[in-house]
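The structure file final-v7.txt is reproduced below (compact mmCIF, C-alpha atoms).
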# COMPACT_ATOMS: atom_id res chain seq x y z
CA MET A 1484 31.62 -4.44 -31.57
CA ALA A 1485 32.85 -4.50 -28.03
CA PHE A 1486 34.15 -1.52 -26.16
CA THR A 1487 37.91 -1.19 -26.41
CA GLU A 1488 39.93 0.19 -23.53
CA PRO A 1489 40.68 3.71 -24.75
CA LYS A 1490 44.25 4.15 -25.83
CA THR A 1491 46.70 6.17 -23.81
CA TRP A 1492 48.47 8.42 -26.25
CA THR A 1493 52.18 8.94 -25.66
CA LEU A 1494 54.95 11.04 -27.04
CA GLY A 1495 56.92 9.40 -29.76
CA THR A 1496 54.10 7.35 -31.20
CA PRO A 1497 52.82 8.36 -34.58
CA ALA A 1498 50.57 11.31 -33.89
CA VAL A 1499 47.31 9.80 -35.10
CA ASN A 1500 46.56 6.99 -37.47
CA ALA A 1501 43.30 5.88 -39.00
CA SER A 1502 43.21 2.57 -37.19
CA ASP A 1503 43.53 4.17 -33.77
CA LEU A 1504 40.81 6.69 -34.45
CA ASN A 1505 38.48 4.06 -35.82
CA THR A 1506 39.03 1.69 -32.92
CA HIS A 1507 39.27 4.04 -30.02
CA LEU A 1508 37.05 6.88 -31.11
CA ARG A 1509 34.53 5.76 -33.73
CA ASP A 1510 33.88 2.25 -32.42
CA ASN A 1511 33.77 3.24 -28.78
CA LEU A 1512 31.40 6.12 -29.47
CA ARG A 1513 29.18 3.78 -31.52
CA TYR A 1514 29.27 1.35 -28.61
CA LEU A 1515 28.22 3.95 -26.05
CA LYS A 1516 25.46 5.19 -28.35
CA GLY A 1517 24.10 1.65 -28.56
CA LEU A 1518 24.56 1.44 -32.31
CA ASP A 1519 26.23 -1.96 -32.16
CA GLY A 1520 24.29 -3.61 -29.37
CA VAL A 1521 23.46 -3.06 -25.75
CA PRO A 1522 26.09 -0.85 -24.17
CA LEU A 1523 27.22 -2.20 -20.83
CA ILE A 1524 27.91 0.51 -18.33
CA GLU A 1525 30.37 -0.63 -15.74
CA ASN A 1526 28.89 1.35 -12.90
CA ALA A 1527 25.64 2.99 -11.85
CA ILE A 1528 24.48 5.86 -13.99
CA GLU A 1529 23.54 9.17 -12.47
CA LEU A 1530 20.77 11.41 -13.75
CA LYS A 1531 20.74 15.05 -12.85
CA ASP A 1532 17.69 16.41 -11.05
CA LYS A 1533 16.07 18.53 -13.74
CA ASP A 1534 13.58 20.35 -11.55
CA GLY A 1535 13.88 24.11 -11.27
CA THR A 1536 14.61 23.68 -7.61
CA PRO A 1537 16.42 20.36 -7.63
CA VAL A 1538 16.46 18.15 -4.56
CA GLY A 1539 19.03 15.57 -5.57
CA ASN A 1540 20.41 13.53 -8.40
CA VAL A 1541 19.42 9.90 -8.70
CA ARG A 1542 21.60 6.93 -9.49
CA ILE A 1543 20.29 3.81 -11.16
CA LYS A 1544 22.32 0.82 -10.09
CA VAL A 1545 22.03 -2.94 -10.18
CA ILE A 1546 22.64 -5.04 -7.07
CA ASP A 1547 22.05 -8.77 -7.15
CA GLU A 1548 20.09 -8.55 -10.38
CA LYS A 1549 17.77 -5.85 -9.03
CA VAL A 1550 17.53 -2.30 -10.28
CA GLN A 1551 17.88 0.18 -7.44
CA LEU A 1552 17.26 3.89 -7.33
CA ARG A 1553 19.55 5.77 -4.98
CA ASN A 1554 20.28 9.32 -4.00
CA ALA A 1555 23.58 10.35 -5.51
CA ASP A 1556 24.86 11.97 -2.34
CA ASP A 1557 24.00 9.58 0.48
CA ASP A 1558 23.05 6.42 -1.44
CA ALA A 1559 19.62 6.41 0.26
CA ASP A 1560 16.83 4.59 -1.54
CA VAL A 1561 14.60 6.93 -3.54
CA LYS A 1562 11.37 6.38 -5.45
CA ILE A 1563 10.08 5.99 -8.93
CA ALA A 1564 7.27 8.42 -9.81
CA PHE A 1565 3.85 7.03 -8.94
CA ASN A 1566 2.64 7.87 -12.42
CA SER A 1567 5.27 5.54 -13.82
CA LEU A 1568 3.81 2.55 -11.98
CA PRO A 1569 1.14 0.41 -13.64
CA THR A 1570 -1.67 0.84 -11.13
CA GLY A 1571 -5.12 -0.73 -11.20
CA THR A 1572 -7.07 -3.76 -10.10
CA GLY A 1573 -5.81 -6.24 -12.67
CA SER A 1574 -3.47 -9.15 -12.14
CA THR A 1575 -0.61 -7.33 -13.87
CA GLU A 1576 -1.11 -4.06 -12.04
CA VAL A 1577 -0.28 -2.88 -8.56
CA ALA A 1578 -2.81 -1.66 -6.06
CA ILE A 1579 -3.01 1.94 -5.02
CA GLY A 1580 -2.22 2.29 -1.33
CA ASN A 1581 -5.58 3.69 -0.30
CA HIS A 1582 -7.64 1.10 -2.10
CA THR A 1583 -10.68 -0.54 -0.52
CA HIS A 1584 -12.35 -3.92 -0.66
CA MET B 318 39.08 10.41 -14.03
CA ALA B 319 36.59 13.17 -14.54
CA TRP B 320 34.63 14.23 -17.55
CA PRO B 321 36.58 16.93 -19.49
CA ASN B 322 34.44 19.90 -18.75
CA PRO B 323 33.83 21.33 -21.21
CA PRO B 324 35.08 19.18 -24.08
CA LYS B 325 37.60 21.06 -26.16
CA THR B 326 36.44 22.91 -29.21
CA TRP B 327 38.99 22.17 -31.88
CA ALA B 328 40.20 24.82 -34.28
CA ASP B 329 41.63 24.43 -37.77
CA ASP B 330 45.31 23.62 -38.02
CA THR B 331 45.51 22.70 -34.36
CA VAL B 332 47.93 19.93 -33.61
CA PRO B 333 46.52 18.01 -30.65
CA THR B 334 48.94 16.95 -28.01
CA GLU B 335 48.97 13.55 -26.40
CA THR B 336 47.69 15.17 -23.23
CA GLU B 337 44.69 16.57 -25.04
CA PHE B 338 43.94 13.24 -26.69
CA ASN B 339 44.14 11.44 -23.40
CA GLU B 340 41.83 13.90 -21.70
CA GLN B 341 39.42 14.51 -24.53
CA ILE B 342 39.17 10.99 -25.92
CA ARG B 343 40.50 8.40 -23.54
CA ASP B 344 39.23 9.90 -20.29
CA ALA B 345 35.88 10.96 -21.75
CA LEU B 346 35.25 7.47 -23.12
CA ARG B 347 36.28 5.87 -19.86
CA TYR B 348 33.94 8.23 -18.02
CA LEU B 349 30.95 7.42 -20.22
CA LYS B 350 31.70 3.71 -19.95
CA GLY B 351 31.69 4.01 -16.18
CA LEU B 352 35.22 2.75 -15.83
CA ASP B 353 36.23 5.49 -13.44
CA GLY B 354 33.07 5.94 -11.36
CA VAL B 355 29.43 6.82 -11.83
CA PRO B 356 28.86 8.81 -15.00
CA LEU B 357 26.54 11.76 -14.45
CA PHE B 358 24.19 12.59 -17.30
CA GLU B 359 23.17 16.19 -17.39
CA ASP B 360 19.78 15.47 -18.91
CA ALA B 361 17.36 12.59 -19.31
CA ILE B 362 18.56 9.55 -21.19
CA GLU B 363 16.47 8.10 -23.95
CA LEU B 364 16.08 4.39 -24.68
CA LYS B 365 14.96 3.29 -28.09
CA ASP B 366 11.84 1.13 -28.36
CA LYS B 367 13.35 -2.19 -29.40
CA ASP B 368 10.12 -3.95 -30.34
CA GLY B 369 9.68 -5.11 -33.92
CA THR B 370 6.80 -2.69 -34.22
CA PRO B 371 7.96 0.10 -31.90
CA VAL B 372 5.47 2.38 -30.21
CA GLY B 373 7.72 4.99 -28.75
CA ASN B 374 11.07 5.65 -27.16
CA LEU B 375 11.22 6.27 -23.44
CA ARG B 376 13.15 8.77 -21.46
CA LEU B 377 14.37 8.33 -17.91
CA LYS B 378 14.48 11.65 -16.14
CA VAL B 379 14.80 12.83 -12.58
CA ILE B 380 12.58 15.52 -11.11
CA ASP B 381 12.97 16.38 -7.45
CA GLU B 382 14.89 13.22 -6.69
CA ILE B 383 12.17 11.01 -8.23
CA LEU B 384 12.78 8.93 -11.30
CA GLN B 385 10.20 9.41 -14.03
CA ILE B 386 9.57 7.42 -17.18
CA ARG B 387 8.30 9.57 -20.04
CA ASN B 388 7.45 9.16 -23.68
CA ALA B 389 10.19 10.76 -25.75
CA ALA B 390 7.80 12.38 -28.21
CA ASP B 391 5.14 13.97 -25.98
CA ASP B 392 6.65 13.67 -22.48
CA ALA B 393 3.60 11.70 -21.25
CA PHE B 394 4.11 9.40 -18.28
CA LYS B 395 4.82 5.80 -19.19
CA LYS B 396 4.93 2.71 -17.01
CA LEU B 397 7.48 0.40 -15.56
CA LYS B 398 6.89 -3.19 -16.65
CA PHE B 399 4.80 -5.02 -14.09
CA ASP B 400 7.25 -7.93 -14.01
CA SER B 401 9.95 -5.52 -12.84
CA ILE B 402 8.03 -4.59 -9.70
CA PRO B 403 8.51 -6.56 -6.50
CA VAL B 404 4.99 -7.92 -5.99
CA GLY B 405 3.87 -9.90 -2.98
CA THR B 406 2.46 -9.70 0.48
CA GLY B 407 5.64 -8.80 2.34
CA ALA B 408 6.55 -5.57 4.05
CA THR B 409 8.87 -4.60 1.20
CA GLU B 410 6.59 -5.66 -1.63
CA VAL B 411 3.60 -4.06 -3.35
CA ALA B 412 0.21 -5.68 -3.70
CA GLN B 413 -1.17 -6.90 -6.99
CA GLY B 414 -4.23 -4.99 -8.10
CA ASP B 415 -6.48 -8.04 -7.95
CA HIS B 416 -5.29 -9.21 -4.57
CA THR B 417 -7.59 -10.52 -1.87
CA HIS B 418 -7.54 -10.58 1.89
CA SER B 419 -8.38 -13.49 4.14
CA LEU B 420 -10.69 -12.84 7.04
CA LEU B 421 -9.65 -14.37 10.33
CA GLU B 422 -11.63 -14.91 13.48
CA ASP B 423 -10.97 -12.21 16.02
CA THR B 424 -13.28 -13.14 18.89
CA VAL B 425 -16.62 -14.86 19.36
CA ASP B 426 -18.54 -14.44 22.59
CA VAL B 427 -22.05 -15.01 23.90
CA ASP B 428 -23.83 -14.27 27.14
CA VAL B 429 -27.19 -15.75 28.09
CA SER B 430 -29.36 -14.32 30.84
CA GLY B 431 -28.60 -15.88 34.15
CA ALA B 432 -30.91 -17.38 36.74
CA GLY B 433 -33.79 -15.15 37.59
CA THR B 434 -33.61 -12.72 40.40
CA GLY B 435 -36.59 -10.82 39.19
CA SER B 436 -38.99 -8.89 41.30
CA SER B 437 -41.47 -11.73 41.48
CA LEU B 438 -41.87 -15.35 40.64
CA SER B 439 -45.49 -16.04 39.96
CA CYS B 440 -46.85 -19.30 38.68
CA TYR B 441 -43.28 -20.25 37.94
CA ARG B 442 -42.98 -17.32 35.57
CA LEU B 443 -40.30 -14.87 36.40
CA SER B 444 -41.16 -11.26 35.88
CA ASP B 445 -39.17 -8.06 36.03
CA ALA B 446 -40.41 -4.62 36.84
CA ILE B 447 -38.45 -2.13 34.84
CA SER B 448 -38.17 1.48 35.88
CA PRO B 449 -39.84 4.22 33.81
CA LEU B 450 -37.63 5.20 30.89
CA GLY B 451 -35.08 2.72 32.21
CA GLY B 452 -33.55 -0.47 30.99
CA LEU B 453 -32.78 -3.91 32.29
CA ASP B 454 -29.62 -5.48 30.91
CA LEU B 455 -30.53 -9.06 30.18
CA ALA B 456 -27.06 -10.10 29.00
CA SER B 457 -23.70 -8.42 28.62
CA ILE B 458 -20.26 -9.28 27.24
CA THR B 459 -16.99 -7.38 27.26
CA ASP B 460 -14.22 -8.36 24.86
CA THR B 461 -11.08 -6.86 23.36
CA TYR B 462 -11.15 -6.48 19.59
CA ASP B 463 -8.35 -6.21 17.07
CA ALA B 464 -7.63 -2.77 15.57
CA ASN B 465 -8.57 -4.02 12.10
CA SER B 466 -11.69 -5.97 13.02
CA ARG B 467 -15.39 -5.82 12.22
CA GLN B 468 -18.16 -7.08 14.49
CA VAL B 469 -21.60 -8.53 14.09
CA GLY B 470 -23.76 -8.26 17.19
CA VAL B 471 -26.98 -10.13 17.94
CA ALA B 472 -29.46 -9.58 20.74
CA VAL B 473 -32.31 -12.00 21.41
CA ALA B 474 -35.15 -11.78 23.94
CA LYS B 475 -38.23 -13.87 24.58
CA GLY B 476 -41.04 -12.74 26.82
CA ARG B 477 -44.42 -11.15 27.20
CA PRO B 478 -44.71 -7.54 28.31
CA SER B 479 -47.64 -6.37 30.31
CA ALA B 480 -50.58 -5.10 28.32
CA SER B 481 -49.84 -1.43 28.70
CA ALA B 482 -46.05 -1.76 28.44
CA GLN B 483 -43.97 -0.08 25.81
CA PHE B 484 -40.96 -2.34 25.98
CA LYS B 485 -38.35 -2.16 23.29
CA LEU B 486 -35.44 -4.53 22.88
CA GLN B 487 -32.11 -2.75 22.44
CA LEU B 488 -28.71 -3.90 21.26
CA LEU B 489 -25.80 -1.84 22.55
CA MET B 490 -22.33 -2.16 21.07
CA GLY B 491 -19.44 -0.13 22.41
CA GLY B 492 -21.77 1.62 24.83
CA VAL B 493 -24.06 2.88 22.09
CA VAL B 494 -27.56 1.76 21.17
CA VAL B 495 -27.05 0.49 17.64
CA ALA B 496 -30.38 -1.29 17.12
CA GLU B 497 -33.82 -1.03 18.73
CA SER B 498 -37.00 -2.96 18.08
CA ALA B 499 -40.48 -1.57 17.79
CA ALA B 500 -42.59 -1.75 20.91
CA LEU B 501 -43.17 -5.39 21.82
CA GLY B 502 -46.74 -6.65 21.74
CA ASN B 503 -48.67 -8.19 24.63
CA VAL B 504 -47.90 -11.70 23.47
CA ASP B 505 -45.17 -14.17 24.24
CA ALA B 506 -42.72 -13.69 21.38
CA THR B 507 -39.07 -13.84 20.46
CA THR B 508 -37.36 -10.70 19.18
CA VAL B 509 -34.00 -10.61 17.44
CA LEU B 510 -31.78 -7.63 16.65
CA ILE B 511 -28.61 -7.77 14.57
CA TYR B 512 -26.10 -5.10 13.69
CA THR B 513 -22.60 -4.70 12.28
CA LYS B 514 -20.10 -2.28 13.75
CA VAL B 515 -16.43 -1.35 13.73
CA MET B 516 -14.93 -1.55 17.20
CA SER B 517 -11.45 -1.98 18.59
CA GLY B 518 -10.01 -2.39 22.05
CA SER B 519 -12.13 -3.35 25.06
CA GLN B 520 -15.82 -2.90 24.31
CA THR B 521 -19.07 -4.00 25.95
CA SER B 522 -22.16 -5.24 24.14
CA ILE B 523 -25.51 -5.51 25.86
CA CYS B 524 -28.94 -6.99 25.29
CA ARG B 525 -31.24 -4.52 27.07
CA MET B 526 -34.99 -4.41 27.63
CA TYR B 527 -35.97 -0.76 27.61
CA ASN B 528 -39.12 0.58 29.23
CA ALA B 529 -40.37 3.50 27.16
CA ASN B 530 -43.26 4.11 29.52
CA ALA B 531 -43.35 6.78 32.20
CA SER B 532 -44.36 4.14 34.74
CA PHE B 533 -43.15 0.77 35.99
CA GLN B 534 -43.98 -2.02 33.60
CA TYR B 535 -43.57 -5.77 33.78
CA ILE B 536 -42.33 -8.44 31.46
CA TRP B 537 -42.89 -12.16 31.96
CA TYR B 538 -40.44 -14.64 30.63
CA SER B 539 -41.08 -18.19 29.52
CA TYR B 540 -43.03 -20.60 31.66
CA ASN B 541 -40.88 -22.89 33.70
CA GLU B 542 -41.87 -25.36 36.34
CA ALA B 543 -38.72 -24.89 38.34
CA ALA B 544 -38.73 -22.65 41.33
CA THR B 545 -36.31 -20.39 39.53
CA THR B 546 -35.95 -19.68 35.90
CA ASN B 547 -33.81 -17.64 33.55
CA ARG B 548 -34.59 -14.36 31.97
CA GLY B 549 -35.17 -14.76 28.27
CA GLY B 550 -32.34 -12.76 26.81
CA ALA B 551 -28.94 -13.24 25.19
CA VAL B 552 -26.31 -11.24 23.39
CA GLY B 553 -23.60 -12.49 21.05
CA VAL B 554 -20.81 -10.82 19.10
CA GLY B 555 -18.69 -12.34 16.37
CA SER B 556 -15.60 -10.43 15.29
CA VAL B 557 -13.46 -10.98 12.20
CA ARG B 558 -10.22 -9.29 11.25
CA ILE B 559 -7.91 -9.03 8.25
Could you take the file, read its structure, and then write that structure out as structure tokens?
Amino acid sequence: MAFTEPKTWTLGTPAVNASDLNTHLRDNLRYLKGLDGVPLIENAIELKDKDGTPVGNVRIKVIDEKVQLRNADDDADVKIAFNSLPTGTGSTEVAIGNHTH
Amino acid sequence: MAWPNPPKTWADDTVPTETEFNEQIRDALRYLKGLDGVPLFEDAIELKDKDGTPVGNLRLKVIDEILQIRNAADDAFKKLKFDSIPVGTGATEVAQGDHTHSLLEDTVDVDVSGAGTGSSLSCYRLSDAISPLGGLDLASITDTYDANSRQVGVAVAKGRPSASAQFKLQLLMGGVVVAESAALGNVDATTVLIYTKVMSGSQTSICRMYNANASFQYIWYSYNEAATTNRGGAVGVGSVRI
């Protein structure tokens, strides 16, 4: 199911009905959890720096079909951990910077 | 709109107001959907392995401003898919592991001994007297090399030292003796030295005949019927760069 624009509750409407809760609460929560397909996030997502002495949160955003990692404060490009890169000498690996020939 | 911090803890028999519903449900959902800005996740986020035979879920976490990809079960580092990495030879690309480099010519230069001005010309054979423990530079070249270049130097000499001489052919590259022959015999022969070296900037290479004796010694070069002749020496350097 698709995400439904969350309802704005107003005075005078029936307090709560089953249909509203199913559509706006259950289905939207299922959507965000990915239970009904790939959840589309309308913006970047920001991950909190979990180090004991954090340096800065990182945002993962898409620009022109490319994933970008940016500092949450100043939008500067930041890095992926080296250990998360497939390094080696194969054709589907990337070379370590200090490699030799 | 901001995330309702913290989300309300509901108690029995509480009648929620429309304001509470809007904050706790509508605004929170809009926040998580990213409709009102960048949603901040307080911890890593975990993505389920969607393969038909899944191996393990992955977590994206940030440590010291660096994104890490970790296995959800044991927190081991996992990789970004190779096809998601900008690979190439550009300044903003990373190199493939099995990449190669092309070698380009940097410089090539040769110097051959010039016309003889030796100490004597006897029987049309030019000879040089070389000082004790001194050297005579038969040929010399000076070139400027690229910072990422490699050189191969060659020194060649042909001649016949005097019987008691202890002449040794030397190849100098960058002002340093990098190769030296054994003492040349009292026969007319050609001697070749070759050496590889890493040099950059302006450097001089020399083919030098060195007199290891403590007295003057002579070397005769090839027979020539002309009134003048050339010394029998040459130096060459080939340089390649990435």
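Between atom CA of B:Asp423 and atom CA of B:Met490 the interatomic distance comes to 16.0 Å.
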May I have the protein, DNA and RNA residues with any atom at most 8 Å from the point (-35.7, -0.2, 33.6), counting all atoms listed in the file, written as a list of chain:residue names? B:Ala446, B:Ile447, B:Ser448, B:Pro449, B:Leu450, B:Gly451, B:Gly452, B:Leu453, B:Met526, B:Tyr527, B:Asn528, B:Phe533
Include C-alpha atoms and write out the residues we just selected as an mmCIF file, keeping the file's coordinate frame.
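Below you can see part.cif, which holds the result:
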data_model
loop_
_atom_site.group_PDB
_atom_site.id
_atom_site.type_symbol
_atom_site.label_atom_id
_atom_site.label_comp_id
_atom_site.auth_asym_id
_atom_site.auth_seq_id
_atom_site.Cartn_x
_atom_site.Cartn_y
_atom_site.Cartn_z
ATOM 1 C CA ALA B 446 -40.410 -4.620 36.840
ATOM 2 C CA ILE B 447 -38.450 -2.130 34.840
ATOM 3 C CA SER B 448 -38.170 1.480 35.880
ATOM 4 C CA PRO B 449 -39.840 4.220 33.810
ATOM 5 C CA LEU B 450 -37.630 5.200 30.890
ATOM 6 C CA GLY B 451 -35.080 2.720 32.210
ATOM 7 C CA GLY B 452 -33.550 -0.470 30.990
ATOM 8 C CA LEU B 453 -32.780 -3.910 32.290
ATOM 9 C CA MET B 526 -34.990 -4.410 27.630
ATOM 10 C CA TYR B 527 -35.970 -0.760 27.610
ATOM 11 C CA ASN B 528 -39.120 0.580 29.230
ATOM 12 C CA PHE B 533 -43.150 0.770 35.990
#
At a cut-off of 7 Å, which residues of chain B touch chain A? Count only C-alpha atoms and give the answer as a ChimeraX atom specification. /B:335,338-339,342-343,346-347,350-352,354-361,378-386,394-397,399,411-415
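Closest approach to A:Met1484 among A:Val1545, A:Ala1559, A:Ala1501, A:Val1521 is made by A:Val1521 (distances from only C-alpha atoms).
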Distance query B:Ala464 at most 12 Å, all atoms listed in the file, self and fewer than 6 positions along chain excluded, as a PyMOL selection string: chain B and resi 423+515-520+556-559
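Going from atom CA of B:Asp505 to atom CA of B:Lys475 covers 7.0 Å.
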Given 4 Å of margin on each side, can you work out the centre and size in Å (one decimal) of an axis-aligned box holding every listed atom of stretch 1521-1537 of chain A, as AutoDock Vina command-line options?
--center_x 22.0 --center_y 10.5 --center_z -16.7 --size_x 24.8 --size_y 35.2 --size_z 26.1
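If all atoms listed in the file are the atoms counted, then among B:Val471, B:Ile511, B:Gly555, B:Arg525 the closest residue to B:Val425 is B:Gly555.
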From the options B:Thr513, B:Ser532, B:Thr521, B:Pro478, which residue's atoms come nearest to B:Leu501, counting only C-alpha atoms? B:Pro478
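Atom CA of B:Val429 is positioned 13.6 Å from atom CA of B:Val509.
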